[in-house]
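Trainee: Pasting my_file.txt here (compact mmCIF, C-alpha atoms):
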```txt
# COMPACT_ATOMS: atom_id res chain seq x y z
CA MET A 1 -8.99 -28.35 36.90
CA ALA A 2 -8.06 -31.22 34.63
CA GLU A 3 -6.35 -30.04 31.48
CA THR A 4 -8.50 -32.28 29.36
CA ALA A 5 -11.75 -30.77 30.63
CA THR A 6 -13.45 -28.38 28.29
CA PRO A 7 -13.52 -25.04 30.09
CA ALA A 8 -16.83 -23.24 30.36
CA LYS A 9 -16.95 -20.47 27.82
CA ALA A 10 -15.70 -17.28 29.41
CA LYS A 11 -17.86 -14.29 28.53
CA VAL A 12 -16.21 -11.10 27.35
CA LEU A 13 -17.68 -7.65 26.73
CA VAL A 14 -15.93 -5.67 23.98
CA VAL A 15 -16.44 -1.92 24.23
CA ASP A 16 -15.30 0.17 21.25
CA ASP A 17 -17.06 2.79 19.14
CA SER A 18 -15.73 1.36 15.88
CA SER A 19 -17.89 -1.46 14.57
CA LEU A 20 -15.01 -2.91 12.57
CA VAL A 21 -12.75 -2.99 15.62
CA ARG A 22 -15.46 -4.70 17.69
CA LEU A 23 -15.89 -7.22 14.92
CA TYR A 24 -12.15 -7.81 14.64
CA TYR A 25 -11.78 -8.49 18.38
CA ARG A 26 -14.98 -10.50 18.52
CA SER A 27 -13.92 -12.70 15.63
CA ALA A 28 -10.52 -13.39 17.21
CA LEU A 29 -12.06 -14.22 20.60
CA GLU A 30 -14.94 -16.31 19.27
CA THR A 31 -12.50 -18.36 17.21
CA ALA A 32 -10.58 -18.97 20.44
CA GLY A 33 -13.79 -20.19 22.12
CA PHE A 34 -14.94 -17.12 24.05
CA GLU A 35 -18.47 -15.83 24.15
CA VAL A 36 -18.44 -12.18 23.10
CA LYS A 37 -20.91 -9.35 23.60
CA GLN A 38 -20.44 -5.78 22.44
CA ALA A 39 -21.12 -2.20 23.45
CA ILE A 40 -20.40 1.01 21.57
CA ASN A 41 -19.53 3.28 24.52
CA GLY A 42 -19.15 3.37 28.29
CA ILE A 43 -22.82 4.06 28.98
CA GLU A 44 -24.02 1.08 26.95
CA ALA A 45 -21.29 -1.07 28.51
CA MET A 46 -22.39 -0.15 32.02
CA GLU A 47 -26.01 -1.01 31.18
CA ARG A 48 -24.95 -4.43 29.88
CA ILE A 49 -22.72 -5.17 32.85
CA LEU A 50 -25.54 -4.35 35.28
CA SER A 51 -27.95 -6.68 33.48
CA GLU A 52 -25.75 -9.74 32.78
CA SER A 53 -22.55 -11.18 34.16
CA PHE A 54 -19.19 -11.12 32.39
CA ASP A 55 -15.75 -12.56 33.03
CA LEU A 56 -13.88 -9.67 31.43
CA VAL A 57 -14.47 -6.28 29.84
CA ILE A 58 -12.21 -5.01 27.05
CA VAL A 59 -12.49 -1.26 26.77
CA ASP A 60 -11.19 1.33 24.35
CA VAL A 61 -10.15 4.75 25.70
CA ASN A 62 -11.47 7.20 23.14
CA MET A 63 -15.20 6.82 22.73
CA PRO A 64 -18.04 9.33 22.41
CA ARG A 65 -20.53 9.89 25.29
CA MET A 66 -18.49 8.04 27.93
CA ASP A 67 -14.78 7.38 27.43
CA GLY A 68 -12.91 4.36 28.74
CA PHE A 69 -11.39 6.07 31.80
CA THR A 70 -14.75 7.44 32.98
CA PHE A 71 -16.31 4.04 32.39
CA LEU A 72 -13.64 2.26 34.47
CA ARG A 73 -13.87 4.75 37.33
CA SER A 74 -17.62 4.36 37.45
CA LEU A 75 -17.30 0.56 37.22
CA ARG A 76 -14.84 0.44 40.11
CA SER A 77 -17.02 2.63 42.31
CA GLY A 78 -20.08 0.44 41.71
CA MET A 79 -21.53 -2.55 43.53
CA ALA A 80 -19.08 -5.22 44.65
CA ASP A 81 -20.12 -7.81 42.07
CA VAL A 82 -19.34 -5.52 39.13
CA ALA A 83 -16.56 -3.46 40.77
CA THR A 84 -14.20 -6.45 40.67
CA LEU A 85 -14.80 -7.35 37.02
CA PRO A 86 -11.39 -7.67 35.33
CA ALA A 87 -10.82 -4.97 32.73
CA LEU A 88 -8.40 -4.89 29.80
CA MET A 89 -7.90 -1.41 28.43
CA ILE A 90 -6.82 -1.02 24.81
CA SER A 91 -5.76 2.30 23.36
CA THR A 92 -3.83 3.97 20.56
CA GLU A 93 -2.08 6.05 23.24
CA SER A 94 1.28 4.64 24.26
CA GLY A 95 2.34 7.41 26.67
CA GLU A 96 3.27 6.69 30.29
CA GLN A 97 0.65 9.15 31.47
CA ASP A 98 -2.18 7.28 29.76
CA MET A 99 -1.00 3.96 31.15
CA ALA A 100 -0.80 5.48 34.63
CA GLU A 101 -4.28 6.95 34.30
CA ALA A 102 -5.59 3.55 33.19
CA ARG A 103 -4.03 1.91 36.24
CA VAL A 104 -5.51 4.52 38.59
CA ALA A 105 -8.92 4.21 36.90
CA GLY A 106 -8.84 0.47 37.60
CA ALA A 107 -7.57 -1.31 34.48
CA ASN A 108 -6.01 -4.73 35.17
CA PHE A 109 -3.95 -4.55 32.01
CA TYR A 110 -3.23 -2.03 29.26
CA LEU A 111 -2.48 -2.84 25.63
CA VAL A 112 -1.43 -0.40 22.93
CA LYS A 113 -3.08 -0.71 19.51
CA PRO A 114 -2.50 -2.30 17.09
CA VAL A 115 -3.20 -5.55 18.91
CA ALA A 116 -2.69 -8.74 16.91
CA GLU A 117 -5.29 -11.51 17.26
CA ALA A 118 -2.90 -13.93 19.00
CA GLU A 119 -1.76 -11.24 21.44
CA LEU A 120 -5.35 -10.35 22.28
CA VAL A 121 -6.32 -13.98 22.84
CA ARG A 122 -3.25 -14.56 25.03
CA HIS A 123 -4.05 -11.64 27.35
CA VAL A 124 -7.74 -12.47 27.50
CA CYS A 125 -6.90 -16.06 28.46
CA VAL A 126 -4.64 -14.82 31.26
CA LEU A 127 -7.19 -12.31 32.57
CA THR A 128 -10.08 -14.79 32.50
CA GLY A 129 -8.07 -17.72 33.83
CA VAL A 130 -8.77 -19.80 30.73
CA ALA A 131 -5.98 -22.16 29.68
CA LEU A 132 -4.36 -21.17 26.38
CA MET B 1 -32.27 -26.16 -19.18
CA ASP B 2 -28.91 -27.79 -19.28
CA ASP B 3 -29.13 -28.65 -22.96
CA SER B 4 -26.57 -28.35 -25.73
CA LYS B 5 -23.25 -28.27 -24.00
CA GLY B 6 -21.63 -28.33 -27.40
CA GLY B 7 -23.88 -25.61 -28.74
CA SER B 8 -25.67 -27.77 -31.29
CA SER B 9 -29.16 -26.62 -30.34
CA PHE B 10 -28.29 -22.91 -30.59
CA ALA B 11 -30.24 -21.11 -33.25
CA VAL B 12 -27.06 -19.30 -34.28
CA HIS B 13 -23.91 -21.20 -35.00
CA ILE B 14 -20.79 -19.79 -33.37
CA SER B 15 -17.42 -21.26 -34.31
CA PRO B 16 -14.51 -21.59 -31.88
CA GLU B 17 -12.59 -18.92 -33.86
CA GLN B 18 -15.51 -16.53 -33.52
CA VAL B 19 -15.69 -17.17 -29.78
CA GLN B 20 -12.00 -16.42 -29.56
CA ARG B 21 -12.37 -13.13 -31.46
CA PHE B 22 -15.27 -12.26 -29.23
CA CYS B 23 -13.32 -13.10 -26.06
CA GLU B 24 -10.41 -10.93 -27.17
CA PHE B 25 -12.83 -8.07 -27.75
CA LEU B 26 -14.45 -8.61 -24.36
CA TYR B 27 -11.06 -8.76 -22.67
CA ARG B 28 -9.94 -5.48 -24.25
CA ARG B 29 -13.12 -3.72 -23.20
CA THR B 30 -13.63 -5.14 -19.71
CA GLY B 31 -10.59 -7.02 -18.57
CA MET B 32 -12.80 -10.09 -18.16
CA SER B 33 -11.15 -13.16 -19.50
CA PHE B 34 -12.66 -16.61 -19.69
CA ALA B 35 -10.96 -19.96 -19.83
CA GLU B 36 -11.95 -22.49 -22.48
CA SER B 37 -13.88 -24.29 -19.75
CA LYS B 38 -16.25 -21.32 -19.56
CA ARG B 39 -17.26 -21.76 -23.20
CA TYR B 40 -20.79 -22.73 -22.26
CA PHE B 41 -21.17 -19.61 -20.13
CA ILE B 42 -20.00 -17.41 -22.98
CA ASP B 43 -22.11 -19.13 -25.63
CA ARG B 44 -25.28 -18.72 -23.62
CA ARG B 45 -24.82 -15.01 -23.06
CA LEU B 46 -23.66 -14.37 -26.58
CA GLU B 47 -26.66 -16.22 -27.97
CA ASP B 48 -28.97 -14.16 -25.75
CA ARG B 49 -27.53 -10.91 -27.09
CA ILE B 50 -27.65 -12.08 -30.71
CA THR B 51 -31.32 -12.92 -30.27
CA ALA B 52 -32.10 -9.72 -28.34
CA THR B 53 -30.57 -7.52 -31.04
CA GLY B 54 -32.32 -9.41 -33.84
CA SER B 55 -29.01 -10.27 -35.49
CA SER B 56 -29.09 -13.17 -37.91
CA SER B 57 -25.50 -14.30 -37.43
CA PHE B 58 -22.51 -13.91 -35.18
CA GLN B 59 -20.86 -11.77 -37.86
CA GLU B 60 -23.78 -9.36 -37.97
CA TYR B 61 -23.86 -9.13 -34.19
CA PHE B 62 -20.12 -8.62 -33.94
CA SER B 63 -20.20 -5.64 -36.37
CA LEU B 64 -22.98 -4.13 -34.32
CA LEU B 65 -20.93 -4.65 -31.18
CA ARG B 66 -17.80 -3.13 -32.65
CA THR B 67 -19.60 0.01 -33.81
CA ASP B 68 -21.38 0.08 -30.45
CA ALA B 69 -24.75 0.59 -32.14
CA ASP B 70 -27.54 1.06 -29.58
CA GLN B 71 -24.93 0.94 -26.82
CA GLU B 72 -24.67 -2.77 -27.35
CA ILE B 73 -21.38 -2.95 -25.51
CA GLU B 74 -23.11 -1.84 -22.34
CA HIS B 75 -25.88 -4.40 -22.77
CA LEU B 76 -23.34 -7.08 -23.43
CA ILE B 77 -21.21 -6.13 -20.44
CA ASN B 78 -24.28 -6.09 -18.22
CA SER B 79 -25.19 -9.58 -19.31
CA PHE B 80 -21.67 -10.71 -18.50
CA THR B 81 -21.17 -8.82 -15.25
CA VAL B 82 -24.46 -9.51 -13.52
CA ASN B 83 -23.21 -12.83 -12.19
CA GLU B 84 -19.57 -11.96 -12.13
CA THR B 85 -19.47 -10.06 -8.86
CA TYR B 86 -17.83 -12.00 -6.10
CA PHE B 87 -15.85 -11.56 -2.92
CA TYR B 88 -12.15 -10.69 -3.29
CA ARG B 89 -12.56 -9.79 -6.96
CA GLU B 90 -9.37 -8.20 -8.35
CA GLU B 91 -7.60 -9.23 -5.19
CA HIS B 92 -4.36 -7.49 -6.21
CA GLN B 93 -6.02 -4.13 -5.52
CA LEU B 94 -7.10 -5.24 -2.06
CA ARG B 95 -3.53 -6.37 -1.48
CA CYS B 96 -2.28 -3.00 -2.74
CA MET B 97 -4.58 -1.33 -0.22
CA THR B 98 -2.99 -3.12 2.76
CA THR B 99 0.60 -3.28 1.53
CA SER B 100 0.92 0.27 0.19
CA LEU B 101 -2.07 2.61 0.10
CA LEU B 102 -3.18 2.63 3.72
CA ASP B 103 0.36 2.99 5.00
CA ALA B 104 0.77 6.06 2.79
CA ILE B 105 -2.59 7.41 3.93
CA VAL B 106 -2.09 6.93 7.68
CA ARG B 107 1.34 8.53 7.55
CA GLN B 108 -0.60 11.80 7.47
CA LYS B 109 -2.98 10.84 10.26
CA LYS B 110 -2.94 10.54 14.02
CA LEU B 111 -3.52 7.11 15.52
CA GLY B 112 -7.22 6.64 16.13
CA ALA B 113 -8.18 9.08 13.37
CA THR B 114 -11.00 8.36 10.95
CA LEU B 115 -10.17 6.60 7.70
CA ARG B 116 -12.88 6.70 5.05
CA ILE B 117 -13.20 4.15 2.25
CA TRP B 118 -15.86 4.27 -0.46
CA SER B 119 -17.06 1.51 -2.72
CA ILE B 120 -19.00 2.98 -5.65
CA PRO B 121 -20.80 1.30 -7.33
CA CYS B 122 -21.09 -1.35 -4.65
CA SER B 123 -23.72 -3.45 -6.43
CA THR B 124 -24.99 -6.13 -4.04
CA GLY B 125 -22.30 -5.50 -1.43
CA GLU B 126 -19.54 -7.95 -2.29
CA GLU B 127 -16.94 -5.20 -2.72
CA PRO B 128 -17.46 -3.19 0.50
CA TYR B 129 -17.75 -6.41 2.51
CA SER B 130 -14.58 -7.69 0.84
CA ILE B 131 -12.79 -4.50 1.86
CA ALA B 132 -13.87 -4.98 5.49
CA LEU B 133 -12.92 -8.68 5.51
CA TRP B 134 -9.61 -8.04 3.81
CA LEU B 135 -8.74 -5.31 6.33
CA MET B 136 -9.52 -7.54 9.30
CA GLU B 137 -7.56 -10.42 7.84
CA ASN B 138 -4.61 -8.54 6.39
CA TRP B 139 -4.04 -5.11 7.89
CA PRO B 140 -2.25 -5.28 11.25
CA GLN B 141 -3.35 -1.73 12.09
CA VAL B 142 -7.05 -2.38 11.58
CA ASP B 143 -7.86 -1.59 15.22
CA SER B 144 -5.74 1.58 15.33
CA TYR B 145 -8.02 3.72 13.18
CA ASN B 146 -11.69 4.47 13.05
CA ILE B 147 -12.44 2.92 9.67
CA GLU B 148 -15.64 3.99 7.93
CA ILE B 149 -16.68 2.02 4.85
CA VAL B 150 -19.48 3.37 2.67
CA GLY B 151 -21.04 1.39 -0.18
CA SER B 152 -23.09 3.33 -2.75
CA ASP B 153 -24.98 2.39 -5.86
CA ILE B 154 -27.58 3.90 -8.15
CA ASP B 155 -29.66 0.72 -8.05
CA THR B 156 -31.82 0.55 -4.93
CA ARG B 157 -32.60 -3.14 -5.48
CA ALA B 158 -28.91 -3.91 -5.39
CA LEU B 159 -28.57 -1.85 -2.20
CA LYS B 160 -31.39 -3.77 -0.55
CA ALA B 161 -29.62 -7.02 -1.38
CA ALA B 162 -26.37 -5.56 -0.06
CA THR B 163 -27.92 -4.74 3.31
CA GLU B 164 -29.39 -8.24 3.51
CA GLY B 165 -25.99 -9.69 2.68
CA ILE B 166 -27.11 -13.12 1.44
CA TYR B 167 -24.84 -14.85 -1.06
CA GLY B 168 -24.52 -18.13 -2.91
CA ASP B 169 -21.50 -20.36 -3.38
CA ARG B 170 -20.45 -18.58 -6.54
CA ALA B 171 -20.02 -15.22 -4.79
CA LEU B 172 -17.98 -16.84 -2.03
CA MET B 173 -15.76 -18.98 -4.26
CA ARG B 174 -12.60 -16.96 -3.60
CA LEU B 175 -12.96 -16.93 0.18
CA SER B 176 -11.27 -19.53 2.35
CA ARG B 177 -13.43 -21.94 4.33
CA ASP B 178 -12.05 -20.34 7.48
CA ILE B 179 -13.30 -16.87 6.49
CA VAL B 180 -16.69 -18.21 5.47
CA GLY B 181 -16.92 -20.03 8.81
CA ARG B 182 -15.98 -16.94 10.77
CA TYR B 183 -18.07 -14.31 9.05
CA PHE B 184 -20.99 -16.10 7.37
CA GLY B 185 -23.86 -18.22 8.58
CA PRO B 186 -25.94 -20.67 6.54
CA VAL B 187 -29.46 -19.61 5.57
CA THR B 188 -32.16 -21.28 3.48
CA GLY B 189 -31.57 -22.34 -0.09
CA GLY B 190 -27.95 -23.32 0.46
CA ASN B 191 -26.96 -19.65 0.75
CA TYR B 192 -24.93 -17.81 3.35
CA GLN B 193 -25.65 -14.58 5.17
CA ILE B 194 -22.84 -12.31 6.17
CA ASP B 195 -22.35 -11.60 9.87
CA GLU B 196 -24.73 -9.02 11.36
CA GLY B 197 -21.85 -7.04 12.86
CA LEU B 198 -20.26 -6.81 9.46
CA ARG B 199 -23.53 -5.78 7.84
CA ASN B 200 -23.90 -3.01 10.41
CA SER B 201 -20.35 -1.84 9.92
CA ILE B 202 -20.98 -0.68 6.34
CA GLU B 203 -23.15 2.27 5.47
CA PHE B 204 -25.11 1.70 2.26
CA THR B 205 -26.43 4.72 0.36
CA ARG B 206 -27.83 5.54 -3.05
CA ALA B 207 -25.59 7.75 -5.19
CA ASN B 208 -25.30 8.69 -8.83
CA LEU B 209 -21.74 9.27 -10.02
CA ILE B 210 -22.70 11.80 -12.65
CA ASP B 211 -25.08 13.82 -10.49
CA THR B 212 -22.80 16.52 -9.10
CA LYS B 213 -25.35 17.73 -6.54
CA ASP B 214 -25.81 14.19 -5.28
CA MET B 215 -22.06 13.72 -5.04
CA THR B 216 -21.50 16.81 -2.87
CA GLN B 217 -22.82 14.76 0.09
CA TYR B 218 -19.75 12.57 -0.19
CA ARG B 219 -16.52 14.13 0.98
CA ASP B 220 -13.20 13.39 2.64
CA PHE B 221 -12.68 9.86 1.41
CA ASP B 222 -9.14 8.57 1.77
CA LEU B 223 -9.67 5.74 -0.69
CA ILE B 224 -12.27 5.10 -3.37
CA PHE B 225 -12.91 1.87 -5.24
CA CYS B 226 -14.71 2.74 -8.46
CA ARG B 227 -14.30 -0.31 -10.59
CA ASN B 228 -15.78 -1.28 -13.92
CA VAL B 229 -18.37 1.44 -14.13
CA LEU B 230 -16.67 4.26 -16.06
CA ILE B 231 -16.47 1.92 -19.04
CA TYR B 232 -20.25 2.16 -19.32
CA PHE B 233 -20.14 5.95 -19.77
CA ASP B 234 -19.50 8.14 -22.77
CA ASP B 235 -16.55 10.54 -22.69
CA ALA B 236 -18.46 13.50 -21.27
CA SER B 237 -20.09 11.50 -18.46
CA ARG B 238 -16.83 9.78 -17.71
CA ARG B 239 -15.06 13.12 -17.28
CA LEU B 240 -17.89 14.44 -15.12
CA ALA B 241 -17.79 11.32 -12.94
CA ALA B 242 -14.00 11.66 -12.59
CA GLU B 243 -14.32 15.31 -11.54
CA ASN B 244 -17.00 14.41 -9.01
CA LEU B 245 -14.85 11.62 -7.60
CA TYR B 246 -11.91 14.00 -7.37
CA ASP B 247 -13.97 16.31 -5.14
CA CYS B 248 -15.02 13.37 -2.96
CA LEU B 249 -11.40 12.49 -2.24
CA ARG B 250 -9.29 14.09 0.43
CA PRO B 251 -6.11 15.66 -1.03
CA GLY B 252 -3.58 12.83 -1.16
CA GLY B 253 -6.36 10.21 -1.35
CA TYR B 254 -6.35 7.38 -3.86
CA ILE B 255 -8.82 5.90 -6.31
CA CYS B 256 -8.73 2.34 -7.67
CA LEU B 257 -10.34 1.76 -11.04
CA GLY B 258 -11.15 -1.48 -12.82
CA HIS B 259 -8.55 -3.57 -14.57
CA SER B 260 -9.15 -2.12 -18.03
CA GLU B 261 -9.77 1.48 -17.02
CA SER B 262 -7.26 4.29 -17.07
CA MET B 263 -7.84 7.65 -15.42
CA SER B 264 -5.10 9.19 -17.54
CA ARG B 265 -7.37 8.89 -20.55
CA ILE B 266 -10.30 10.42 -18.69
CA SER B 267 -9.04 13.34 -16.64
CA PRO B 268 -5.73 15.15 -16.05
CA LEU B 269 -6.66 15.89 -12.43
CA PHE B 270 -5.18 12.73 -11.00
CA ARG B 271 -1.60 11.56 -10.66
CA VAL B 272 -0.70 7.99 -11.58
CA SER B 273 0.73 6.03 -8.64
CA ARG B 274 2.45 2.74 -9.38
CA PHE B 275 2.67 0.26 -6.54
CA PRO B 276 3.96 -3.32 -6.67
CA ASP B 277 0.44 -4.77 -6.60
CA ALA B 278 -1.54 -2.24 -8.65
CA ILE B 279 -1.63 1.03 -10.51
CA VAL B 280 -3.92 3.52 -8.79
CA TYR B 281 -4.64 7.23 -9.12
CA GLN B 282 -4.05 9.92 -6.55
CA ARG B 283 -5.56 13.30 -5.93
CA PRO B 284 -2.40 15.39 -5.48
CA GLU B 285 -1.71 16.75 -2.00
CA ALA B 286 -1.79 20.33 -3.19
CA ASP B 287 -3.84 21.55 -6.11
CA HIS B 288 -1.83 23.44 -8.67
CA GLY B 289 -3.64 26.27 -10.38
```
Mind turning the file's structure into structure tokens?
Mentor:
Amino acid sequence: MAETATPAKAKVLVVDDSSLVRLYYRSALETAGFEVKQAINGIEAMERILSESFDLVIVDVNMPRMDGFTFLRSLRSGMADVATLPALMISTESGEQDMAEARVAGANFYLVKPVAEAELVRHVCVLTGVAL
Amino acid sequence: MDDSKGGSSFAVHISPEQVQRFCEFLYRRTGMSFAESKRYFIDRRLEDRITATGSSSFQEYFSLLRTDADQEIEHLINSFTVNETYFYREEHQLRCMTTSLLDAIVRQKKLGATLRIWSIPCSTGEEPYSIALWLMENWPQVDSYNIEIVGSDIDTRALKAATEGIYGDRALMRLSRDIVGRYFGPVTGGNYQIDEGLRNSIEFTRANLIDTKDMTQYRDFDLIFCRNVLIYFDDASRRLAAENLYDCLRPGGYICLGHSESMSRISPLFRVSRFPDAIVYQRPEADHG
């Protein structure tokens, strides 16, 4: 793809139970040119993913109703078109065990909060194949 | 409407010296200070109050103001504050929040824990929205805690406006163009509406600071902004409000008052905490006696 071409907007789903966190990520990503949708837990995220297509899902670990791990496991065991959706897991937990669990559940990458705007944008660009 | 910039058509003559005396008085009572360029703004409000109180001269009005007859100070302050709410007001306190207060607060918390911030009175929403914006723009740990911001006011009309979140240029004057572009969208009448996600991230409720029963619904706040309202109260109400606020705070939590207000003169319950950007008051970790 020519570097001068304007890339199609990649579409990202942000899943976090905190409205301020969703807003913070959304604002960073929209400023960088991404289209952002939101969900407040794993169940809502799964409903959205089944009804529209995304290029990446960003998912928090600790959420009520359906946590991030359960969500990822259920995503990966789903139909082929959603099972391969890249997933970036973001969590306050920095332990090896959590990172390993994220990997087993199907996360493509794991970031430990706090995540700065530039860091978030950089990883989202890599995972969606959008040039920085 | 835009008549008399020099004041010549005013029914009451006010000299520059009188305006200065008045401004000093206003500054001592509210912390509001106005540059010479705001003379027109001051004259108009002052003239309104002189007329409303039936005073025949500035001198007569000023004596009434100084003795606080008929709670004139409150009326005066209202007439001056109505249009003086804006985003990032008293920015040094917001800075204090992200450079000192939150770090002290989260030292006692686990990552991901809930952090509760209360804006009371929140008027038409500028303050709680400013807190949210400031946190997203200036606190690197904003995504590491579950931040709950509550805005409360006694005035339900103000709360309705707060939930709608529509503001004019004047309210946004302290915000950068970048922030306005990111979090506001243009609406009719040259106004701007704050982002829907941001509107939904703040819980707006009606609360009366001096109604103890009402205040028992509000607990476990880590940080309270209660600015420029205690000055409207008499000593007894002020003490009652302070005691209520104390109970709403978590032990170790902080309260920010307005520029001219001092908790030390109101209640001995709180401890003064001096930070580089602001002086705030803390509910001590452990209650003594």
Trainee: Considering all atoms listed in the file, extract the chain A residues located within 7 Å of chain B and return them as a list in words.
Mentor: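 Residues passing the distance filter: Ser18, Ser19, Leu20, Val21, Leu23, Tyr24, Ser27, Thr92, Lys113, Pro114 and Ala116 of chain A.
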Trainee: Applying 12 Å and only C-alpha atoms, which residues near segment 95-97 of chain A remain after dropping the ones on its own chain fewer than 5 positions away? List them as an NGL selection string.
Mentor: :A and (102-104 or 110-112)
Trainee: Any idea what's packed within 7 Å of segment 46-59 of chain A, counting all atoms listed in the file, ignoring anything in its chain fewer than 2 positions away? Could you give it as an NGL selection string?
Mentor: :A and (10-16 or 42-44 or 61 or 68 or 85-90 or 128)
Trainee: List every protein, DNA or RNA residue that has at least one atom no more than 8 Å from (-22.0, -23.8, 1.8) in the file's coordinates, counting only C-alpha atoms, and write the result as a PyMOL selection string.
Mentor: chain B and resi 168-169+186+190-192
Trainee: In Å to one decimal, how far is atom CA of Val280 of chain B from atom CA of Phe204 of chain B?
Mentor: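 Distance reported for this atom pair: 24.0 Å.
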Trainee: Quick check, in Å to one decimal: how far apart do atom CA of Arg170 of chain B and atom CA of Ser130 of chain B lie?
Mentor: 14.4 Å
Trainee: Report the distance between atom CA of Arg95 of chain B and atom CA of Glu285 of chain B in Å, rounded to one decimal place.
Mentor: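 Pair atom CA of Arg95 of chain B / atom CA of Glu285 of chain B returns 23.2 Å.
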Trainee: For Gly33 of chain A, please output as a count of residues only all residues within 7 Å (counting all atoms listed in the file; exclusion window: fewer than 3 positions along the same chain).
Mentor: 3
Trainee: Missing atoms in segment 83-98 of chain A: fill them in up to N, CA and C atoms and send the result as a tab-separated table (two decimals), in the coordinates of the input.
Mentor:
```tsv
chain	number	residue	atom	x	y	z
A	83	ALA	N	-17.78	-4.26	40.53
A	83	ALA	CA	-16.56	-3.46	40.77
A	83	ALA	C	-15.29	-4.29	40.61
A	84	THR	N	-15.40	-5.60	40.76
A	84	THR	CA	-14.20	-6.45	40.67
A	84	THR	C	-14.03	-7.09	39.30
A	85	LEU	N	-14.90	-6.76	38.37
A	85	LEU	CA	-14.80	-7.35	37.02
A	85	LEU	C	-13.46	-7.00	36.39
A	86	PRO	N	-12.67	-7.99	35.98
A	86	PRO	CA	-11.39	-7.67	35.33
A	86	PRO	C	-11.60	-6.81	34.08
A	87	ALA	N	-10.69	-5.86	33.89
A	87	ALA	CA	-10.82	-4.97	32.73
A	87	ALA	C	-9.48	-4.87	31.98
A	88	LEU	N	-9.57	-5.05	30.67
A	88	LEU	CA	-8.40	-4.89	29.80
A	88	LEU	C	-8.63	-3.62	29.00
A	89	MET	N	-7.74	-2.65	29.17
A	89	MET	CA	-7.90	-1.41	28.43
A	89	MET	C	-7.02	-1.45	27.19
A	90	ILE	N	-7.59	-1.03	26.05
A	90	ILE	CA	-6.82	-1.02	24.81
A	90	ILE	C	-6.91	0.38	24.22
A	91	SER	N	-5.75	0.92	23.84
A	91	SER	CA	-5.76	2.30	23.36
A	91	SER	C	-4.69	2.54	22.31
A	92	THR	N	-4.87	3.57	21.51
A	92	THR	CA	-3.83	3.97	20.56
A	92	THR	C	-2.74	4.77	21.27
A	93	GLU	N	-3.04	5.21	22.50
A	93	GLU	CA	-2.08	6.05	23.24
A	93	GLU	C	-1.04	5.18	23.94
A	94	SER	N	0.23	5.47	23.66
A	94	SER	CA	1.28	4.64	24.26
A	94	SER	C	2.07	5.39	25.34
A	95	GLY	N	1.62	6.59	25.68
A	95	GLY	CA	2.34	7.41	26.67
A	95	GLY	C	2.21	6.87	28.08
A	96	GLU	N	3.25	7.12	28.88
A	96	GLU	CA	3.27	6.69	30.29
A	96	GLU	C	2.07	7.25	31.06
A	97	GLN	N	1.72	8.48	30.74
A	97	GLN	CA	0.65	9.15	31.47
A	97	GLN	C	-0.69	8.43	31.28
A	98	ASP	N	-0.92	7.99	30.04
A	98	ASP	CA	-2.18	7.28	29.76
A	98	ASP	C	-2.21	5.95	30.49
```
